[in-house]
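Coordinates from query10.txt are shown below (compact mmCIF, C-alpha atoms).
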```
# COMPACT_ATOMS: atom_id res chain seq x y z
CA MET A 1 22.73 -0.22 -45.25
CA ASP A 2 21.07 -1.92 -42.29
CA PHE A 3 22.68 -2.59 -38.94
CA ILE A 4 20.48 -4.61 -36.58
CA ARG A 5 21.68 -5.91 -33.27
CA VAL A 6 20.20 -7.51 -30.15
CA GLN A 7 22.63 -7.30 -27.25
CA GLU A 8 22.98 -7.38 -23.46
CA GLY A 9 25.49 -4.57 -23.30
CA ASP A 10 24.90 -0.84 -23.54
CA PHE A 11 25.38 1.18 -26.71
CA ASP A 12 27.22 4.44 -27.29
CA ILE A 13 25.12 7.11 -28.99
CA THR A 14 28.19 9.02 -30.15
CA ALA A 15 29.59 5.98 -31.93
CA GLU A 16 26.21 5.17 -33.43
CA TYR A 17 25.74 8.72 -34.68
CA GLN A 18 29.25 8.66 -36.12
CA ALA A 19 28.42 5.44 -37.98
CA MET A 20 25.42 7.20 -39.52
CA ARG A 21 27.61 10.13 -40.63
CA GLU A 22 30.82 8.43 -41.68
CA ASN A 23 31.55 8.89 -45.40
CA ASN A 24 27.97 9.93 -45.89
CA ARG A 25 27.59 12.76 -48.41
CA ASP A 26 24.14 11.73 -49.54
CA ASP A 27 21.96 12.41 -46.55
CA GLY A 28 20.60 15.73 -45.35
CA ALA A 29 18.76 14.22 -42.38
CA ILE A 30 19.55 11.83 -39.56
CA VAL A 31 16.79 11.09 -37.06
CA PHE A 32 17.27 8.93 -34.02
CA PHE A 33 15.23 7.69 -31.09
CA VAL A 34 16.43 6.28 -27.76
CA GLY A 35 14.13 4.48 -25.35
CA GLN A 36 15.20 4.24 -21.71
CA VAL A 37 13.97 2.59 -18.50
CA ARG A 38 11.50 4.83 -16.66
CA GLU A 39 11.21 4.90 -12.88
CA MET A 40 7.39 5.08 -12.71
CA ASN A 41 5.30 2.65 -14.73
CA GLN A 42 1.63 1.67 -14.48
CA GLY A 43 1.43 3.31 -11.04
CA SER A 44 4.43 1.73 -9.32
CA GLU A 45 8.01 2.66 -8.67
CA VAL A 46 10.24 0.41 -10.75
CA THR A 47 13.64 -0.66 -9.44
CA GLY A 48 14.76 -2.91 -12.30
CA LEU A 49 13.72 -4.39 -15.60
CA TYR A 50 14.45 -7.76 -17.20
CA LEU A 51 14.01 -8.12 -20.95
CA GLU A 52 13.24 -11.60 -22.26
CA HIS A 53 13.18 -12.37 -25.98
CA TYR A 54 12.71 -15.23 -28.44
CA PRO A 55 16.29 -15.55 -29.74
CA ALA A 56 15.54 -17.38 -32.99
CA MET A 57 12.89 -14.85 -33.95
CA THR A 58 14.09 -11.49 -32.64
CA GLU A 59 16.54 -10.35 -35.32
CA LYS A 60 14.37 -11.83 -38.05
CA SER A 61 11.42 -9.82 -36.78
CA LEU A 62 13.44 -6.59 -36.56
CA ALA A 63 14.83 -7.14 -40.07
CA GLY A 64 11.26 -7.60 -41.33
CA ILE A 65 10.19 -4.28 -39.78
CA VAL A 66 13.17 -2.47 -41.34
CA ARG A 67 12.35 -4.06 -44.70
CA GLN A 68 8.77 -2.80 -44.44
CA ALA A 69 10.04 0.71 -43.68
CA ARG A 70 12.30 0.59 -46.74
CA GLN A 71 9.42 -0.49 -48.95
CA ARG A 72 7.34 2.38 -47.68
CA TRP A 73 10.08 5.03 -47.91
CA PRO A 74 12.47 3.91 -50.68
CA VAL A 75 14.48 7.10 -50.15
CA LEU A 76 15.86 5.86 -46.79
CA ASN A 77 19.59 5.36 -46.70
CA ARG A 78 21.17 4.10 -43.46
CA ILE A 79 19.21 2.36 -40.70
CA ARG A 80 20.65 1.27 -37.35
CA LEU A 81 18.52 -0.59 -34.83
CA ILE A 82 19.75 -1.86 -31.47
CA HIS A 83 17.63 -3.50 -28.76
CA ARG A 84 18.99 -4.62 -25.42
CA ILE A 85 18.02 -7.78 -23.54
CA GLY A 86 18.66 -9.11 -20.03
CA GLN A 87 18.85 -7.19 -16.77
CA LEU A 88 18.52 -3.40 -16.97
CA HIS A 89 18.25 -0.64 -14.38
CA ILE A 90 16.54 2.75 -14.06
CA SER A 91 17.63 5.19 -16.79
CA ASP A 92 19.42 2.47 -18.77
CA GLN A 93 19.08 2.74 -22.52
CA ILE A 94 16.85 -0.01 -23.99
CA VAL A 95 16.44 0.67 -27.67
CA PHE A 96 18.05 2.77 -30.39
CA VAL A 97 16.70 3.51 -33.85
CA ALA A 98 18.52 5.75 -36.34
CA VAL A 99 17.38 6.51 -39.86
CA SER A 100 19.04 8.69 -42.47
CA SER A 101 17.62 10.12 -45.66
CA SER A 102 18.20 12.86 -48.18
CA HIS A 103 15.34 14.88 -46.61
CA ARG A 104 13.91 14.91 -43.13
CA GLU A 105 10.29 13.83 -43.69
CA ALA A 106 11.03 10.21 -44.59
CA ALA A 107 13.60 9.88 -41.80
CA PHE A 108 11.21 11.23 -39.14
CA GLU A 109 8.35 9.05 -40.31
CA ALA A 110 10.37 5.87 -40.75
CA CYS A 111 11.91 6.20 -37.28
CA HIS A 112 8.42 6.51 -35.80
CA PHE A 113 7.12 3.62 -37.94
CA ILE A 114 9.93 1.31 -36.87
CA MET A 115 9.30 2.01 -33.18
CA ASP A 116 5.53 1.55 -33.50
CA PHE A 117 5.96 -1.82 -35.22
CA LEU A 118 8.74 -2.93 -32.89
CA LYS A 119 6.42 -2.26 -29.92
CA ASN A 120 3.73 -4.51 -31.40
CA ARG A 121 5.58 -7.17 -33.36
CA ALA A 122 9.07 -7.84 -32.06
CA PRO A 123 9.25 -10.71 -29.53
CA PHE A 124 10.48 -8.90 -26.40
CA TRP A 125 8.82 -9.02 -22.99
CA LYS A 126 9.55 -6.78 -20.01
CA LYS A 127 9.45 -8.00 -16.44
CA GLU A 128 9.66 -5.21 -13.88
CA THR A 129 10.91 -5.38 -10.34
CA THR A 130 8.95 -3.06 -8.04
CA GLU A 131 8.78 -2.70 -4.26
CA GLN A 132 5.74 -5.01 -4.40
CA GLY A 133 7.73 -7.72 -6.23
CA GLU A 134 8.14 -8.77 -9.85
CA ARG A 135 5.51 -8.34 -12.53
CA TRP A 136 5.27 -8.74 -16.28
CA VAL A 137 4.48 -5.51 -18.10
CA GLU A 138 1.05 -5.60 -19.75
CA ALA A 139 0.80 -4.73 -23.43
CA LEU A 140 -1.11 -1.47 -23.90
CA GLN A 141 -4.00 -0.84 -26.24
CA LYS A 142 -2.51 2.56 -27.14
CA ASP A 143 0.54 0.82 -28.61
CA GLN A 144 -1.71 -1.36 -30.75
CA ASP A 145 -3.77 1.67 -31.78
CA ALA A 146 -0.57 3.44 -32.85
CA LEU A 147 -0.31 1.09 -35.84
CA LYS A 148 -3.55 2.41 -37.30
CA LYS A 149 -1.87 5.62 -38.46
CA TRP A 150 0.34 3.57 -40.79
CA MET B 1 4.44 -31.72 -32.13
CA ARG B 2 6.28 -29.34 -29.84
CA VAL B 3 5.11 -25.85 -28.91
CA LEU B 4 7.46 -23.26 -27.37
CA PHE B 5 6.37 -20.78 -24.67
CA PHE B 6 7.82 -17.46 -23.61
CA ALA B 7 7.56 -14.86 -20.82
CA GLN B 8 4.58 -15.07 -18.43
CA LEU B 9 3.05 -17.90 -20.43
CA ARG B 10 6.21 -19.97 -19.86
CA GLU B 11 6.14 -19.09 -16.16
CA ARG B 12 2.43 -19.79 -15.64
CA LEU B 13 2.56 -23.12 -17.51
CA ASN B 14 5.79 -23.88 -15.66
CA CYS B 15 7.53 -25.20 -18.79
CA ASP B 16 9.27 -23.69 -21.81
CA SER B 17 7.67 -26.13 -24.25
CA ALA B 18 5.03 -28.87 -24.47
CA GLU B 19 4.52 -31.96 -26.60
CA LEU B 20 1.07 -32.16 -28.16
CA ASP B 21 -0.48 -35.29 -29.55
CA ILE B 22 -2.07 -33.77 -32.63
CA GLU B 23 -2.25 -34.84 -36.24
CA LEU B 24 -0.38 -32.56 -38.67
CA PRO B 25 -0.94 -30.57 -40.79
CA ALA B 26 -3.38 -28.78 -38.51
CA LEU B 27 -4.78 -25.26 -38.14
CA VAL B 28 -3.42 -22.80 -35.58
CA ASN B 29 -6.87 -22.98 -33.99
CA ASP B 30 -6.53 -26.79 -33.56
CA VAL B 31 -3.14 -26.36 -31.90
CA ARG B 32 -4.61 -23.72 -29.59
CA ASP B 33 -7.52 -26.02 -28.66
CA ALA B 34 -5.12 -28.90 -27.96
CA LEU B 35 -3.05 -26.63 -25.70
CA ILE B 36 -6.16 -25.60 -23.79
CA VAL B 37 -7.06 -29.29 -23.31
CA GLN B 38 -3.55 -29.94 -22.00
CA PHE B 39 -3.49 -26.86 -19.73
CA PRO B 40 -7.16 -26.31 -18.79
CA ASP B 41 -6.29 -24.18 -15.76
CA HIS B 42 -4.61 -21.64 -18.06
CA ALA B 43 -7.20 -21.45 -20.83
CA ASP B 44 -7.56 -17.71 -20.15
CA LEU B 45 -3.89 -17.14 -21.12
CA LEU B 46 -3.97 -19.41 -24.18
CA LYS B 47 -7.12 -18.23 -25.91
CA ASP B 48 -7.18 -16.23 -29.14
CA GLY B 49 -6.35 -12.60 -28.38
CA LYS B 50 -4.35 -13.50 -25.24
CA ALA B 51 -1.59 -15.64 -26.74
CA LEU B 52 0.10 -14.66 -29.99
CA VAL B 53 1.39 -17.38 -32.31
CA ALA B 54 4.55 -17.57 -34.41
CA ILE B 55 5.18 -20.22 -37.03
CA ASN B 56 8.83 -20.52 -38.06
CA GLN B 57 9.59 -17.28 -36.19
CA GLU B 58 6.93 -15.28 -38.08
CA LEU B 59 3.88 -13.88 -36.31
CA VAL B 60 0.61 -15.25 -37.70
CA ASN B 61 -2.63 -13.39 -37.12
CA ASN B 62 -4.78 -16.10 -38.65
CA GLU B 63 -6.33 -18.95 -36.71
CA GLN B 64 -6.75 -20.81 -40.00
CA ALA B 65 -3.01 -20.75 -40.82
CA ILE B 66 -1.60 -24.22 -41.35
CA VAL B 67 0.97 -25.84 -39.09
CA CYS B 68 3.10 -28.58 -40.71
CA SER B 69 5.25 -31.22 -39.06
CA ASP B 70 8.60 -29.44 -39.48
CA ASP B 71 7.36 -26.04 -38.33
CA GLU B 72 8.63 -24.36 -35.20
CA VAL B 73 5.55 -23.15 -33.34
CA ALA B 74 5.59 -20.72 -30.42
CA PHE B 75 2.84 -19.26 -28.22
CA PHE B 76 3.52 -16.13 -26.19
CA PRO B 77 1.81 -13.10 -24.62
CA PRO B 78 1.45 -9.78 -26.44
CA VAL B 79 4.92 -8.29 -26.77
CA THR B 80 6.19 -5.38 -24.63
CA GLY B 81 9.59 -4.37 -25.98
CA GLY B 82 10.86 -0.97 -26.98
```
Translate the structure of the given file into structure tokens.
Amino acid sequence: MDFIRVQEGDFDITAEYQAMRENNRDDGAIVFFVGQVREMNQGSEVTGLYLEHYPAMTEKSLAGIVRQARQRWPVLNRIRLIHRIGQLHISDQIVFVAVSSSHREAAFEACHFIMDFLKNRAPFWKKETTEQGERWVEALQKDQDALKKW
Amino acid sequence: MRVLFFAQLRERLNCDSAELDIELPALVNDVRDALIVQFPDHADLLKDGKALVAINQELVNNEQAIVCSDDEVAFFPPVTGG
């Protein structure tokens, strides 16, 4: 069961975790990751973050990444993936990935895999507000290199 | 044909899309060259490796991929979500 959503509003971890657990007798492992807005980035103090996306492509791209994870780890059961867009502030939650499986290995790995591919393939762009003004966040080589392990 | 732009590419080119006078089908590389002719001051942002390309909302990592007349084509900077 896949749940994929791109939204402006915040998400509630408790409700998301509950959705992973509800009527679920099959899974022994639930792994989840939350990304949040950091105050320091690339040497400057960040005061806000705007997330632009390519609406027609975003959910399609996320669904493709989830499909790839399922092909790689057929044992995966539930997957929930939420990414926020629009204006965010320091410490706001940006992204949520939850994966459940009968055993922990596949859930840990698939959660990591989904985030690594999302970072490199999903059409989101961050624009930071700093004391020096606005700037687009540069893509990092380390994020691209992260794909090599898969 | 029309090409869509996003993020800093959209801001630097000062438009969210452009009409290109190019015969289709064409290669991604031909579309890229035509964009550079139309926006010569921003060639650095449009060249291969700087601007990613999606055809019908799918990333293509192949300059020889074919663009047809009904395709939705977008150029944008490397992505920074997550």
Nearest to Asp21 (chain B), restricted to all atoms listed in the file and choosing among B:Asn62, B:Gln8, B:Gln38, B:Gln57, comes out as B:Gln38
Any idea which chain A residues end up within 7 Å of chain B if we count only C-alpha atoms, as a ChimeraX atom specification please?
/A:35,52,56-57,94-95,118-126,136-137,139
Distance cut-off 12 Å, centre (15.4, 5.4, -20.5) in file coordinates, counting only C-alpha atoms: which residues qualify? Return them as a list in words. Asp10, Phe33, Val34, Gly35, Gln36, Val37, Arg38, Glu39, Met40, Asn41, Gly48, Leu49, Arg84, Leu88, His89, Ile90, Ser91, Asp92, Gln93, Ile94, Val95 and Phe96 of chain A; Gly82 of chain B
For a cutoff of 8 Å around the file-coordinate point (-1.1, -15.3, -25.4), which residues qualify once you count only C-alpha atoms? I'd like the result as a PyMOL selection string. chain B and resi 9+45-53+75-78
Report task. May I ask which of the residues A:Ile79, A:Ser44, A:Arg72, A:Val97 is the closest one to Met1 (chain A), counting all atoms listed in the file? Result ->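 So, comparing all the options, the nearest one is A:Ile79.
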Quiz prompt | Point-to-point distance from CA of Ile66 (chain B) to CA of Leu27 (chain B), Å rounded to tenths | solution =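 It comes out at 4.6 Å.
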So, counting all atoms listed in the file, which residue among B:Ala65, B:Leu20, B:Val73, B:Val60 is closest to Asp33 (chain B)?
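Checking each of B:Ala65, B:Leu20, B:Val73, B:Val60 against Asp33 (chain B), counting all atoms listed in the file, the winner is B:Leu20.
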A straight line from CA of Pro74 (chain A) to CA of Ala106 (chain A) spans 8.9 Å
